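model-v2.tsv (TSV, C-alpha atoms)
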```tsv
chain	number	residue	atom	x	y	z
A	361	MET	CA	7.44	8.15	-3.53
A	362	ARG	CA	5.61	5.56	-5.62
A	363	VAL	CA	3.87	2.52	-4.20
A	364	SER	CA	2.70	-0.64	-5.91
A	365	VAL	CA	1.12	-3.91	-4.84
A	366	ASP	CA	2.05	-7.36	-6.10
A	367	GLY	CA	-1.44	-8.80	-6.53
A	368	SER	CA	-0.10	-12.35	-6.75
A	369	ARG	CA	1.26	-12.08	-3.18
A	370	CYS	CA	-1.51	-9.98	-1.59
A	371	ILE	CA	-3.85	-11.82	0.79
A	372	GLY	CA	-6.32	-8.93	1.05
A	373	CYS	CA	-6.03	-8.48	4.82
A	374	GLY	CA	-6.85	-4.76	4.48
A	375	MET	CA	-4.15	-3.48	6.83
A	376	CYS	CA	-2.84	-1.11	4.15
A	377	GLN	CA	-6.32	0.25	3.44
A	378	ALA	CA	-6.84	0.86	7.15
A	379	ALA	CA	-3.48	2.65	7.39
A	380	VAL	CA	-3.85	4.85	4.30
A	381	PRO	CA	-7.41	4.64	2.92
A	382	GLY	CA	-6.78	7.30	0.28
A	383	VAL	CA	-3.95	5.28	-1.23
A	384	PHE	CA	-4.94	1.62	-0.88
A	385	ARG	CA	-8.25	-0.13	-1.45
A	386	VAL	CA	-9.07	-3.83	-1.27
A	387	VAL	CA	-11.01	-4.85	-4.38
A	388	GLU	CA	-12.19	-8.45	-4.82
A	389	GLY	CA	-9.80	-9.67	-2.13
A	390	VAL	CA	-6.68	-7.93	-3.43
A	391	SER	CA	-5.24	-4.58	-2.42
A	392	THR	CA	-4.87	-2.04	-5.18
A	393	VAL	CA	-3.28	1.40	-5.32
A	394	CYS	CA	-6.04	3.91	-6.00
A	395	ALA	CA	-3.75	6.98	-5.73
A	396	GLN	CA	-0.09	7.62	-5.09
A	397	PRO	CA	0.63	8.99	-1.61
A	398	SER	CA	0.88	12.72	-1.05
A	399	LYS	CA	3.81	14.08	0.94
A	400	ALA	CA	1.61	14.04	4.05
A	401	GLN	CA	0.75	10.34	3.48
A	402	GLU	CA	4.26	9.08	2.70
A	403	SER	CA	5.11	8.05	6.25
A	404	ARG	CA	1.89	6.05	6.65
A	405	ALA	CA	2.33	4.44	3.21
A	406	PHE	CA	5.86	3.39	4.16
A	407	ASP	CA	4.52	1.96	7.44
A	408	ALA	CA	1.85	0.06	5.49
A	409	ALA	CA	4.53	-1.46	3.26
A	410	ASN	CA	6.64	-2.45	6.26
A	411	GLY	CA	3.61	-3.89	8.02
A	412	CYS	CA	2.33	-5.95	5.11
A	413	PRO	CA	2.32	-9.56	6.38
A	414	VAL	CA	3.29	-10.97	2.97
A	415	ASN	CA	5.52	-8.12	1.74
A	416	ALA	CA	3.24	-7.42	-1.23
A	417	ILE	CA	3.70	-3.63	-1.16
A	418	GLN	CA	6.71	-2.07	-2.86
A	419	VAL	CA	7.91	1.47	-2.25
A	420	ALA	CA	10.16	3.38	-4.64
A	421	ARG	CA	11.55	6.75	-3.66
```
As structure tokens, how would this structure be written, given the file I've shared?
Amino acid sequence: MRVSVDGSRCIGCGMCQAAVPGVFRVVEGVSTVCAQPSKAQESRAFDAANGCPVNAIQVAR
């Protein structure tokens, strides 16, 4: 699984960082991917993408 964030859509709410802090980090008001999810984190990363209020997180399997 690979995740990415569309910085032009992100509102920096931090929900993704709260869900998977080892994968997402909010920097200067925009979420960034600081590491790709491990197998153990994939489910939470997928949940973060589905829960993003502006659909800024993309997941590729």
Pick from A:Met361, A:Ala408, A:Cys373, A:Val419 nearest to A:Val390, counting only C-alpha atoms: A:Cys373
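The space between atom CA of A:Lys399 and atom CA of A:Gly382 spans 12.6 Å.
Our summary of the geometry notes that atom CA of A:Val380 is positioned 10.5 Å from atom CA of A:Ala409.
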Mind checking which residues fall within 9 Å of stretch 375-377 of chain A, counting only C-alpha atoms, ignoring those fewer than 2 positions away in the same chain, and posting them as number ranges by chain? A: 372-373, 379-386, 391, 404-405, 407-409, 411-413, 417
Residues just named, written with C-alpha atoms as an mmCIF file, in the coordinates of the input:
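Saved file out.cif follows:
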```cif
data_model
loop_
_atom_site.group_PDB
_atom_site.id
_atom_site.type_symbol
_atom_site.label_atom_id
_atom_site.label_comp_id
_atom_site.auth_asym_id
_atom_site.auth_seq_id
_atom_site.Cartn_x
_atom_site.Cartn_y
_atom_site.Cartn_z
ATOM 1 C CA GLY A 372 -6.320 -8.930 1.050
ATOM 2 C CA CYS A 373 -6.030 -8.480 4.820
ATOM 3 C CA ALA A 379 -3.480 2.650 7.390
ATOM 4 C CA VAL A 380 -3.850 4.850 4.300
ATOM 5 C CA PRO A 381 -7.410 4.640 2.920
ATOM 6 C CA GLY A 382 -6.780 7.300 0.280
ATOM 7 C CA VAL A 383 -3.950 5.280 -1.230
ATOM 8 C CA PHE A 384 -4.940 1.620 -0.880
ATOM 9 C CA ARG A 385 -8.250 -0.130 -1.450
ATOM 10 C CA VAL A 386 -9.070 -3.830 -1.270
ATOM 11 C CA SER A 391 -5.240 -4.580 -2.420
ATOM 12 C CA ARG A 404 1.890 6.050 6.650
ATOM 13 C CA ALA A 405 2.330 4.440 3.210
ATOM 14 C CA ASP A 407 4.520 1.960 7.440
ATOM 15 C CA ALA A 408 1.850 0.060 5.490
ATOM 16 C CA ALA A 409 4.530 -1.460 3.260
ATOM 17 C CA GLY A 411 3.610 -3.890 8.020
ATOM 18 C CA CYS A 412 2.330 -5.950 5.110
ATOM 19 C CA PRO A 413 2.320 -9.560 6.380
ATOM 20 C CA ILE A 417 3.700 -3.630 -1.160
#
```
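Using only C-alpha atoms, the shortest contact distance between A:Gln418 and any of A:Ser398, A:Ser364, A:Ser403, A:Thr392 is found at A:Ser364.
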Point-to-point distance from atom CA of A:Glu402 to atom CA of A:Ala420, Å rounded to tenths: 11.0 Å
(-3.4, -13.1, -8.3) in this file's frame - what residues fall within 12 Å of it? Use only C-alpha atoms and give the answer as a PyMOL selection string. chain A and resi 365-372+387-392+416
